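Structure data (mmCIF, C-alpha atoms) from protein.cif:
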```
data_upload
#
loop_
_atom_site.group_PDB
_atom_site.id
_atom_site.type_symbol
_atom_site.label_atom_id
_atom_site.label_comp_id
_atom_site.auth_asym_id
_atom_site.auth_seq_id
_atom_site.Cartn_x
_atom_site.Cartn_y
_atom_site.Cartn_z
ATOM 1 C CA MET A 1 10.086 6.750 -22.322
ATOM 2 C CA SER A 2 12.178 7.348 -19.246
ATOM 3 C CA LEU A 3 12.794 4.414 -16.972
ATOM 4 C CA SER A 4 14.993 5.280 -14.033
ATOM 5 C CA GLY A 5 14.803 5.127 -10.287
ATOM 6 C CA SER A 6 14.351 2.610 -7.502
ATOM 7 C CA PHE A 7 11.776 -0.157 -7.720
ATOM 8 C CA VAL A 8 10.553 -3.220 -5.887
ATOM 9 C CA ILE A 9 10.138 -6.385 -7.963
ATOM 10 C CA VAL A 10 6.628 -7.536 -7.045
ATOM 11 C CA ALA A 11 5.977 -10.291 -9.625
ATOM 12 C CA VAL A 12 7.640 -12.555 -12.168
ATOM 13 C CA ASP A 13 5.507 -13.774 -15.076
ATOM 14 C CA GLY A 14 2.450 -12.368 -13.279
ATOM 15 C CA GLN A 15 3.082 -14.468 -10.165
ATOM 16 C CA PRO A 16 3.440 -12.365 -6.969
ATOM 17 C CA LEU A 17 6.722 -12.628 -5.090
ATOM 18 C CA ASP A 18 6.575 -13.031 -1.341
ATOM 19 C CA GLY A 19 10.161 -13.049 -0.148
ATOM 20 C CA PRO A 20 11.613 -12.416 3.290
ATOM 21 C CA HIS A 21 12.447 -8.838 2.238
ATOM 22 C CA PRO A 22 11.582 -6.567 -0.710
ATOM 23 C CA TYR A 23 13.427 -7.523 -3.892
ATOM 24 C CA GLU A 24 15.099 -4.359 -5.183
ATOM 25 C CA LEU A 25 15.967 -3.080 -8.654
ATOM 26 C CA GLU A 26 17.426 0.303 -9.577
ATOM 27 C CA LEU A 27 17.988 1.724 -13.045
ATOM 28 C CA ALA A 28 20.197 4.776 -13.578
ATOM 29 C CA ASP A 29 22.793 6.074 -16.037
ATOM 30 C CA GLY A 30 22.928 2.970 -18.245
ATOM 31 C CA THR A 31 23.147 0.501 -15.376
ATOM 32 C CA VAL A 32 20.911 -1.808 -13.401
ATOM 33 C CA HIS A 33 21.631 -3.051 -9.922
ATOM 34 C CA GLY A 34 19.643 -4.541 -7.112
ATOM 35 C CA ARG A 35 19.131 -7.426 -4.723
ATOM 36 C CA VAL A 36 16.996 -10.524 -4.527
ATOM 37 C CA LEU A 37 19.084 -12.813 -2.319
ATOM 38 C CA ASN A 38 22.352 -11.767 -3.933
ATOM 39 C CA ARG A 39 23.326 -8.310 -5.089
ATOM 40 C CA PHE A 40 23.518 -7.912 -8.857
ATOM 41 C CA SER A 41 24.544 -5.329 -11.448
ATOM 42 C CA GLY A 42 24.873 -4.941 -15.194
ATOM 43 C CA GLY A 43 24.282 -2.688 -18.150
ATOM 44 C CA ALA A 44 20.816 -1.411 -19.095
ATOM 45 C CA THR A 45 20.041 0.797 -22.077
ATOM 46 C CA VAL A 46 16.611 2.427 -22.310
ATOM 47 C CA GLU A 47 15.588 3.377 -25.839
ATOM 48 C CA GLY A 48 12.069 4.274 -26.874
ATOM 49 C CA GLY A 49 9.627 1.908 -25.176
ATOM 50 C CA SER A 50 12.155 -0.803 -24.358
ATOM 51 C CA VAL A 51 15.143 -1.559 -22.174
ATOM 52 C CA THR A 52 18.042 -3.815 -23.194
ATOM 53 C CA PHE A 53 19.964 -5.585 -20.457
ATOM 54 C CA GLY A 54 23.571 -6.680 -20.808
ATOM 55 C CA ALA A 55 25.226 -9.459 -18.853
ATOM 56 C CA ILE A 56 24.257 -9.504 -15.172
ATOM 57 C CA ALA A 57 26.962 -10.105 -12.554
ATOM 58 C CA ALA A 58 25.936 -11.264 -9.091
ATOM 59 C CA THR A 59 27.327 -12.448 -5.826
ATOM 60 C CA ARG A 60 26.519 -16.143 -5.331
ATOM 61 C CA MET A 61 25.474 -16.623 -1.730
ATOM 62 C CA ALA A 62 23.217 -19.631 -1.144
ATOM 63 C CA GLY A 63 19.884 -19.215 0.591
ATOM 64 C CA PRO A 64 16.464 -20.772 1.094
ATOM 65 C CA PRO A 65 15.303 -22.722 -1.983
ATOM 66 C CA GLU A 66 12.245 -20.519 -2.539
ATOM 67 C CA VAL A 67 14.355 -17.328 -2.565
ATOM 68 C CA MET A 68 16.912 -18.947 -4.880
ATOM 69 C CA ALA A 69 14.042 -19.877 -7.227
ATOM 70 C CA ASP A 70 12.796 -16.253 -7.158
ATOM 71 C CA GLU A 71 16.299 -15.031 -7.950
ATOM 72 C CA ASP A 72 16.732 -17.486 -10.826
ATOM 73 C CA ALA A 73 13.405 -16.312 -12.280
ATOM 74 C CA VAL A 74 14.376 -12.627 -11.985
ATOM 75 C CA PHE A 75 17.763 -13.253 -13.637
ATOM 76 C CA ARG A 76 16.073 -15.269 -16.431
ATOM 77 C CA VAL A 77 13.905 -12.269 -17.314
ATOM 78 C CA LEU A 78 16.688 -9.649 -16.969
ATOM 79 C CA SER A 79 18.230 -10.537 -20.318
ATOM 80 C CA GLY A 80 17.963 -9.134 -23.794
ATOM 81 C CA THR A 81 15.397 -6.525 -24.768
ATOM 82 C CA LEU A 82 12.202 -6.044 -22.764
ATOM 83 C CA GLU A 83 9.220 -3.871 -23.630
ATOM 84 C CA ILE A 84 8.194 -1.290 -21.005
ATOM 85 C CA ASP A 85 4.506 -0.957 -20.077
ATOM 86 C CA THR A 86 3.413 1.542 -17.429
ATOM 87 C CA ALA A 87 0.040 0.978 -15.719
ATOM 88 C CA GLU A 88 -2.250 3.639 -14.280
ATOM 89 C CA ASP A 89 -1.375 2.524 -10.739
ATOM 90 C CA GLY A 90 2.288 3.399 -11.357
ATOM 91 C CA SER A 91 3.497 -0.177 -11.702
ATOM 92 C CA ILE A 92 5.769 -1.040 -14.610
ATOM 93 C CA THR A 93 5.894 -4.334 -16.465
ATOM 94 C CA LEU A 94 9.009 -5.310 -18.372
ATOM 95 C CA SER A 95 8.240 -8.143 -20.783
ATOM 96 C CA GLY A 96 10.022 -10.083 -23.486
ATOM 97 C CA ASP A 97 10.720 -13.558 -24.798
ATOM 98 C CA SER A 98 12.140 -14.667 -21.440
ATOM 99 C CA GLY A 99 9.114 -13.586 -19.356
ATOM 100 C CA SER A 100 8.014 -10.518 -17.438
ATOM 101 C CA LEU A 101 8.812 -8.560 -14.298
ATOM 102 C CA THR A 102 6.341 -6.272 -12.556
ATOM 103 C CA LEU A 103 7.933 -3.382 -10.695
ATOM 104 C CA ALA A 104 6.429 -0.965 -8.181
ATOM 105 C CA PRO A 105 8.080 2.377 -7.477
ATOM 106 C CA ARG A 106 10.020 2.192 -4.237
ATOM 107 C CA THR A 107 8.384 4.356 -1.587
ATOM 108 C CA ASP A 108 8.483 4.752 2.182
ATOM 109 C CA GLY A 109 5.710 2.126 2.241
ATOM 110 C CA ILE A 110 7.959 -0.443 0.598
ATOM 111 C CA ASP A 111 6.441 -3.308 2.580
ATOM 112 C CA ASP A 112 3.111 -2.595 0.874
ATOM 113 C CA ALA A 113 4.495 -2.638 -2.677
ATOM 114 C CA GLY A 114 2.881 -6.039 -3.334
ATOM 115 C CA ALA A 115 -0.511 -4.335 -3.086
ATOM 116 C CA VAL A 116 -0.214 -3.169 -6.706
ATOM 117 C CA LEU A 117 -1.053 -6.711 -7.851
#
```
Written as structure tokens, that's how I'd like the structure from this file.
Amino acid sequence: MSLSGSFVIVAVDGQPLDGPHPYELELADGTVHGRVLNRFSGGATVEGGSVTFGAIAATRMAGPPEVMADEDAVFRVLSGTLEIDTAEDGSITLSGDSGSLTLAPRTDGIDDAGAVL
């Protein structure tokens, strides 16, 4: 399975995210990078129906408690090996022992990405 491109993180553990801006994640060429409050990057290897994340490095700017909680949840899930599940609506769920992330393909209508939930 191919997993590459730009996405919006729309949920963690099935709970919708409603931040002040779209939370971004991009996978390409063995790397992951993106932004919740802080920008982050790390290694990501897609093999078969799973993706394995290496250590994630991030800037550490402080922000509103609810956004910091969202970021902590995203970073908790972005570790180890996650199974990839693609839904008919185009959303992708990455899930493993540490939880799940639901991603929507980034489009021009990025503000409406939460509608996939």
**Report entry** Shell around region 59-61 of chain A at 8 Å using all atoms listed in the file, local window under 6 positions removed, as number ranges by chain
**Finding:** A: 37-40
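Evaluated on this file, the PyMOL selection byres ((chain A and resi 82) around 8) matches Ser50, Val51, Thr52, Ser79, Gly80, Thr81, Glu83, Ile84, Leu94, Ser95, Gly96 and Asp97 of chain A.
Distances from A:Ala104, A:Leu17, A:Val32, A:Val46 to Val67 (chain A) were compared using only C-alpha atoms, and the smallest one belongs to A:Leu17.
Put simply, CA of His21 (chain A) is 27.2 Å away from CA of Thr45 (chain A).
Of the residues listed (A:Leu3, A:Leu103, A:Ala57, A:Met68), A:Leu103 shows the shortest atom-to-atom separation from Asp89 (chain A); distances use all atoms listed in the file.
Each of A:Ser6, A:Ala55, A:Asp70, A:Ser41 was checked against Gly19 (chain A) using all atoms listed in the file; the smallest atom-to-atom distance is that of A:Asp70.
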Selection result for the PyMOL selection byres ((chain A and resi 7-9) around 9) on this file, as a short mmCIF file (atom, residue, chain, number, x, y, z; two decimals) with C-alpha atoms, in the coordinates of the input:
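Result file follows (expr-v8.cif):
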```
data_model
loop_
_atom_site.label_atom_id
_atom_site.label_comp_id
_atom_site.auth_asym_id
_atom_site.auth_seq_id
_atom_site.Cartn_x
_atom_site.Cartn_y
_atom_site.Cartn_z
CA SER A 4 14.99 5.28 -14.03
CA GLY A 5 14.80 5.13 -10.29
CA SER A 6 14.35 2.61 -7.50
CA VAL A 10 6.63 -7.54 -7.04
CA ALA A 11 5.98 -10.29 -9.62
CA VAL A 12 7.64 -12.56 -12.17
CA LEU A 17 6.72 -12.63 -5.09
CA PRO A 22 11.58 -6.57 -0.71
CA TYR A 23 13.43 -7.52 -3.89
CA GLU A 24 15.10 -4.36 -5.18
CA LEU A 25 15.97 -3.08 -8.65
CA GLU A 26 17.43 0.30 -9.58
CA LEU A 27 17.99 1.72 -13.04
CA VAL A 36 17.00 -10.52 -4.53
CA VAL A 74 14.38 -12.63 -11.98
CA LEU A 101 8.81 -8.56 -14.30
CA THR A 102 6.34 -6.27 -12.56
CA LEU A 103 7.93 -3.38 -10.70
CA ALA A 104 6.43 -0.96 -8.18
CA PRO A 105 8.08 2.38 -7.48
CA ARG A 106 10.02 2.19 -4.24
CA THR A 107 8.38 4.36 -1.59
CA ILE A 110 7.96 -0.44 0.60
CA ALA A 113 4.50 -2.64 -2.68
CA GLY A 114 2.88 -6.04 -3.33
#
```
Query raised in the report: Which one of A:Gly54, A:Gly49, A:Pro20, A:Gly34 sits closest to Thr93 (chain A) if you count only C-alpha atoms?
Result: A:Gly49
Set up a box along x, y and z of the file covering all listed atoms of region 24-37 of chain A, add 4 Å on every one of the six sides, and write the centre and edge lengths in Å to one decimal, as JSON.
```
{"center_x": 19.1, "center_y": -3.4, "center_z": -10.3, "size_x": 16.0, "size_y": 26.9, "size_z": 23.9}
```
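The coordinates place CA of Ile56 (chain A) at 12.1 Å from CA of Glu71 (chain A).
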Report summary line: note - CA of Gly30 (chain A) and CA of Ala44 (chain A) are separated by 4.9 Å
Query raised in the report: Hey, which of A:Asp13, A:Ala28, A:His33, A:Gly48 ends up closest to Val77 (chain A)? Count all atoms listed in the file.
Result: A:Asp13
Report task. Counting only C-alpha atoms, figure out which residue out of A:Ala73, A:Thr86, A:Ser98, A:Gly43 gets nearest to Gln15 (chain A). Result -> A:Ala73
Export region 51-81 of chain A of the preceding structure, keeping N, CA and C atoms, as a PDB file, in the first residue's frame.
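File part_16.pdb, as written:
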```
ATOM      1  N   VAL A  51       2.864   1.392   8.610  1.00  0.00           N
ATOM      2  CA  VAL A  51       3.884   2.435   8.581  1.00  0.00           C
ATOM      3  C   VAL A  51       4.577   2.424   9.947  1.00  0.00           C
ATOM      4  N   THR A  52       5.905   2.494   9.929  1.00  0.00           N
ATOM      5  CA  THR A  52       6.684   2.513  11.166  1.00  0.00           C
ATOM      6  C   THR A  52       7.340   3.877  11.306  1.00  0.00           C
ATOM      7  N   PHE A  53       7.045   4.527  12.431  1.00  0.00           N
ATOM      8  CA  PHE A  53       7.591   5.851  12.702  1.00  0.00           C
ATOM      9  C   PHE A  53       8.815   5.739  13.594  1.00  0.00           C
ATOM     10  N   GLY A  54       9.843   6.523  13.257  1.00  0.00           N
ATOM     11  CA  GLY A  54      11.016   6.643  14.107  1.00  0.00           C
ATOM     12  C   GLY A  54      10.786   7.759  15.108  1.00  0.00           C
ATOM     13  N   ALA A  55      11.861   8.176  15.752  1.00  0.00           N
ATOM     14  CA  ALA A  55      11.767   9.266  16.723  1.00  0.00           C
ATOM     15  C   ALA A  55      11.270  10.531  16.037  1.00  0.00           C
ATOM     16  N   ILE A  56      10.401  11.255  16.723  1.00  0.00           N
ATOM     17  CA  ILE A  56       9.843  12.510  16.210  1.00  0.00           C
ATOM     18  C   ILE A  56      10.534  13.677  16.906  1.00  0.00           C
ATOM     19  N   ALA A  57      11.066  14.605  16.125  1.00  0.00           N
ATOM     20  CA  ALA A  57      11.659  15.830  16.666  1.00  0.00           C
ATOM     21  C   ALA A  57      10.673  16.961  16.436  1.00  0.00           C
ATOM     22  N   ALA A  58      10.576  17.861  17.405  1.00  0.00           N
ATOM     23  CA  ALA A  58       9.617  18.967  17.277  1.00  0.00           C
ATOM     24  C   ALA A  58      10.148  20.219  17.941  1.00  0.00           C
ATOM     25  N   THR A  59       9.702  21.351  17.414  1.00  0.00           N
ATOM     26  CA  THR A  59       9.937  22.598  18.125  1.00  0.00           C
ATOM     27  C   THR A  59       9.096  22.518  19.393  1.00  0.00           C
ATOM     28  N   ARG A  60       9.351  23.343  20.383  1.00  0.00           N
ATOM     29  CA  ARG A  60       8.624  23.231  21.650  1.00  0.00           C
ATOM     30  C   ARG A  60       8.040  24.567  22.095  1.00  0.00           C
ATOM     31  N   MET A  61       7.282  25.182  21.243  1.00  0.00           N
ATOM     32  CA  MET A  61       6.601  26.423  21.571  1.00  0.00           C
ATOM     33  C   MET A  61       5.379  26.092  22.429  1.00  0.00           C
ATOM     34  N   ALA A  62       5.135  26.871  23.444  1.00  0.00           N
ATOM     35  CA  ALA A  62       3.954  26.665  24.294  1.00  0.00           C
ATOM     36  C   ALA A  62       2.741  27.310  23.632  1.00  0.00           C
ATOM     37  N   GLY A  63       1.569  26.807  23.975  1.00  0.00           N
ATOM     38  CA  GLY A  63       0.344  27.341  23.399  1.00  0.00           C
ATOM     39  C   GLY A  63      -0.834  27.059  24.306  1.00  0.00           C
ATOM     40  N   PRO A  64      -2.035  27.274  23.810  1.00  0.00           N
ATOM     41  CA  PRO A  64      -3.235  27.024  24.611  1.00  0.00           C
ATOM     42  C   PRO A  64      -3.278  25.571  25.082  1.00  0.00           C
ATOM     43  N   PRO A  65      -3.729  25.329  26.300  1.00  0.00           N
ATOM     44  CA  PRO A  65      -3.731  23.967  26.854  1.00  0.00           C
ATOM     45  C   PRO A  65      -4.430  22.935  25.972  1.00  0.00           C
ATOM     46  N   GLU A  66      -5.539  23.318  25.329  1.00  0.00           N
ATOM     47  CA  GLU A  66      -6.265  22.347  24.515  1.00  0.00           C
ATOM     48  C   GLU A  66      -5.474  21.951  23.268  1.00  0.00           C
ATOM     49  N   VAL A  67      -4.708  22.888  22.696  1.00  0.00           N
ATOM     50  CA  VAL A  67      -3.889  22.579  21.526  1.00  0.00           C
ATOM     51  C   VAL A  67      -2.674  21.748  21.955  1.00  0.00           C
ATOM     52  N   MET A  68      -2.112  22.054  23.111  1.00  0.00           N
ATOM     53  CA  MET A  68      -0.996  21.259  23.627  1.00  0.00           C
ATOM     54  C   MET A  68      -1.456  19.821  23.892  1.00  0.00           C
ATOM     55  N   ALA A  69      -2.671  19.656  24.400  1.00  0.00           N
ATOM     56  CA  ALA A  69      -3.211  18.311  24.635  1.00  0.00           C
ATOM     57  C   ALA A  69      -3.397  17.568  23.307  1.00  0.00           C
ATOM     58  N   ASP A  70      -3.893  18.256  22.277  1.00  0.00           N
ATOM     59  CA  ASP A  70      -4.024  17.646  20.949  1.00  0.00           C
ATOM     60  C   ASP A  70      -2.657  17.194  20.445  1.00  0.00           C
ATOM     61  N   GLU A  71      -1.664  18.067  20.590  1.00  0.00           N
ATOM     62  CA  GLU A  71      -0.324  17.746  20.113  1.00  0.00           C
ATOM     63  C   GLU A  71       0.255  16.550  20.855  1.00  0.00           C
ATOM     64  N   ASP A  72       0.103  16.519  22.174  1.00  0.00           N
ATOM     65  CA  ASP A  72       0.595  15.382  22.951  1.00  0.00           C
ATOM     66  C   ASP A  72      -0.056  14.086  22.478  1.00  0.00           C
ATOM     67  N   ALA A  73      -1.356  14.132  22.197  1.00  0.00           N
ATOM     68  CA  ALA A  73      -2.067  12.938  21.727  1.00  0.00           C
ATOM     69  C   ALA A  73      -1.558  12.489  20.361  1.00  0.00           C
ATOM     70  N   VAL A  74      -1.337  13.438  19.451  1.00  0.00           N
ATOM     71  CA  VAL A  74      -0.812  13.104  18.121  1.00  0.00           C
ATOM     72  C   VAL A  74       0.570  12.475  18.256  1.00  0.00           C
ATOM     73  N   PHE A  75       1.456  13.073  19.059  1.00  0.00           N
ATOM     74  CA  PHE A  75       2.804  12.544  19.216  1.00  0.00           C
ATOM     75  C   PHE A  75       2.782  11.169  19.882  1.00  0.00           C
ATOM     76  N   ARG A  76       1.853  10.927  20.795  1.00  0.00           N
ATOM     77  CA  ARG A  76       1.719   9.617  21.446  1.00  0.00           C
ATOM     78  C   ARG A  76       1.452   8.536  20.401  1.00  0.00           C
ATOM     79  N   VAL A  77       0.577   8.834  19.448  1.00  0.00           N
ATOM     80  CA  VAL A  77       0.212   7.850  18.431  1.00  0.00           C
ATOM     81  C   VAL A  77       1.313   7.684  17.380  1.00  0.00           C
ATOM     82  N   LEU A  78       2.029   8.745  17.052  1.00  0.00           N
ATOM     83  CA  LEU A  78       3.070   8.685  16.009  1.00  0.00           C
ATOM     84  C   LEU A  78       4.331   8.008  16.530  1.00  0.00           C
ATOM     85  N   SER A  79       4.197   6.769  16.954  1.00  0.00           N
ATOM     86  CA  SER A  79       5.351   6.017  17.446  1.00  0.00           C
ATOM     87  C   SER A  79       5.162   4.547  17.107  1.00  0.00           C
ATOM     88  N   GLY A  80       6.249   3.904  16.794  1.00  0.00           N
ATOM     89  CA  GLY A  80       6.186   2.478  16.496  1.00  0.00           C
ATOM     90  C   GLY A  80       5.492   2.194  15.174  1.00  0.00           C
ATOM     91  N   THR A  81       4.917   1.002  15.088  1.00  0.00           N
ATOM     92  CA  THR A  81       4.280   0.554  13.849  1.00  0.00           C
ATOM     93  C   THR A  81       2.770   0.686  13.942  1.00  0.00           C
TER      94      THR A  81
END
```
